[in-house]
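Chemist: Dumping the structure here so I can ask a few things about it.
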Amino acid sequence: MIACGCVINNCIDQDIDKLMARTKRRVSAQGLLSNANMILYGIALGVLGVIFLYFFTNRLTVIVALVGLFVYIVLYSLWLKRTSIHGTFIGAISGAVPPVVGYCATTNRFDAGAMILFAILFLWQMPHSYAIAIFRLKDYKAANIPVLPVIKGIEHTKVIMCIYTVLFAIVVLLPTIFGYAGYIYLSVACVFGLSWLVLAIKGLGSDSNITWSRKMFVLSILGIMLLSVAMSV
C-alpha cells in the first residue's frame with residue numbers, strides 16, 4: 001500500500017520534481033516511464049496490498065490503510081500540497097497511518113493505543129518536515145510549493161516547530177503511562193523528547209538556519225528509530 005502511494009505520488013509530482021534538486025533524479029521526473037505505466041503499476045501494488053491485508057490480517061486494517069492512502073494521494077498529492085500552507089499537516093496525517101495499520105493488523109482494534117501511536121507519529125512529522133523545508137527552501141521556492149517557511153518565513157516556522165516539539169515531548173510519554181510500553185521505552189522517550197525540544201528552542205536564537213535544521217532532521221530520524229526499537233522491547 002505504501003509502494004502504491006509512492007508510485008502514484010511520483011506520477012502526480014513529476015512536473016515539480018523536475019525543479020527540485022532532491023527529486024530531479026527520480027525516474028518519473030526524468031520521463032523514463034509513461035504516466036500509464038506508472039498508474040497501472042501503482043494500482044497493481046494497491047490491489048495486491050488490499051488482498052494481502054484482507055486475507056492475512058483483518059478488515060479493520062484494510063480500512064485504515066485505504067483511508068491513509070486516500071488522504072495521501074487525493075487530499076495531499078492532488079490537492080493541498082500545491083495549494084495550501086496546510087499541506088504538511090495533511091501529509092503528516094497520512095504519514096502517521098502505516099504504524100497504526102501495523103497495530104490494527106496485530107490487535108484488530110482501533111483503541112487508545114492506536115490513537116496514541118498515531119499522535120506520536122503525527123507530531124513527530126511536523127518538525128521533521130519543516131526542518132526539511134528549511135534546508136531545502138530553494139527547492140520548494142523553485143517548485144512553487146507553499147510550505148510554511150516559504151509563505152510565513154523561517155523564524156515563524158521555528159516557533160511552530162517548537163510548539164509541535166513540546167506536544168511531541170508530552171505525547172511520546174503516553175505509551176508507558178497507559179501501559180503499552182515499559183520503562184526502557186520511557187527512558188528513550190524522555191531523552192529523545194527533551195533533546196529534540198532543547199535543539200528546537202536553540203534554533204530560535206540561531207542564524208545558522210541550514211545547519212540547525214539539518215541537526216533537527218538528523219536527530220528526528222535517529223530518535224524515531226530508537227523509539228521504535230525501545231517500544232518493541
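Labeling convention for the C-alpha cells: chains A, B, ... as they appear, residues from 1 per chain, ligands from 1 in order of appearance.
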Could you produce a table of the residues of stretch 19-93 of chain A lying within 10 Å of stretch 100-107 of chain A, with the nearest pair of atoms per residue and their separation in Å rounded to one decimal, using only C-alpha atoms, ordered by chain and increasing residue number, as CSV?

Modeler:
residue,atom,partner,partner_atom,distance
A:Leu53,CA,A:Ala105,CA,8.0
A:Tyr54,CA,A:Ala105,CA,9.7
A:Phe56,CA,A:Ala105,CA,8.6
A:Thr57,CA,A:Ala105,CA,5.2
A:Asn58,CA,A:Ala105,CA,6.4
A:Arg59,CA,A:Ala105,CA,8.9
A:Leu60,CA,A:Cys104,CA,6.8
A:Thr61,CA,A:Cys104,CA,5.4
A:Val62,CA,A:Val101,CA,8.0
A:Ile63,CA,A:Val101,CA,9.0
A:Val64,CA,A:Val101,CA,6.2
A:Ala65,CA,A:Val101,CA,6.0
A:Leu66,CA,A:Val101,CA,9.8
A:Gly68,CA,A:Val101,CA,9.1

Chemist: Quick one: DSSP helix (DSSP H, G or I) residues in stretch 62-211 of chain A, as a ChimeraX atom specification?

Modeler: /A:62-83,87-95,97-107,112-135,137-142,148-152,154-171,174-177,183-205,209-211

Chemist: Restricting the calculation to only C-alpha atoms: of A:Ile90, A:Ile134, A:Met161, A:Ile73, which residue gets closest to A:Asp13?

Modeler: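 Comparing A:Ile90, A:Ile134, A:Met161, A:Ile73 against A:Asp13, the winner is A:Ile73.
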
Chemist: Applying 12 Å and only C-alpha atoms, which residues near A:Leu174 remain after dropping the ones on its own chain fewer than 2 positions away? List them as a CSV table (one decimal) with C-alpha atoms, in the first residue's frame.

Modeler:
chain,number,residue,atom,x,y,z
A,112,ALA,CA,-6.3,4.2,22.7
A,113,GLY,CA,-3.1,2.5,21.7
A,114,ALA,CA,-3.7,3.2,18.1
A,115,MET,CA,-4.6,6.8,18.7
A,116,ILE,CA,-1.5,7.4,20.9
A,117,LEU,CA,0.7,5.8,18.2
A,118,PHE,CA,-1.0,8.0,15.5
A,119,ALA,CA,-0.5,11.1,17.7
A,120,ILE,CA,3.2,10.4,18.2
A,167,LEU,CA,3.5,18.5,22.2
A,168,PHE,CA,5.6,15.6,20.9
A,169,ALA,CA,7.7,15.5,24.1
A,170,ILE,CA,4.5,15.2,26.1
A,171,VAL,CA,2.6,12.7,24.0
A,172,VAL,CA,5.6,10.4,23.5
A,176,THR,CA,4.2,3.9,29.2
A,177,ILE,CA,1.6,5.9,31.2
A,178,PHE,CA,-1.2,3.9,29.6
A,179,GLY,CA,0.6,0.6,29.9
A,180,TYR,CA,1.5,0.0,26.2
A,181,ALA,CA,5.3,0.2,26.7
A,182,GLY,CA,7.8,-0.3,29.5
A,183,TYR,CA,10.4,1.8,31.3
A,185,TYR,CA,10.9,2.9,26.2
A,186,LEU,CA,10.1,5.7,28.7
A,189,ALA,CA,11.3,8.8,25.0
A,190,CYS,CA,12.4,11.2,27.8
A,231,MET,CA,8.8,0.2,22.0

Chemist: What is the atom CA of A:Lys215-atom CA of A:Leu19 distance in Å, reported with one decimal?

Modeler: 24.9 Å

Chemist: Got a sec: who's within 12 Å of A:Phe89, counting only C-alpha atoms, leaving out chain neighbours fewer than 5 positions off, as a ChimeraX atom specification?

Modeler: /A:71-72,75-76,80-81,84,94-96,121-130,147-148,160,164
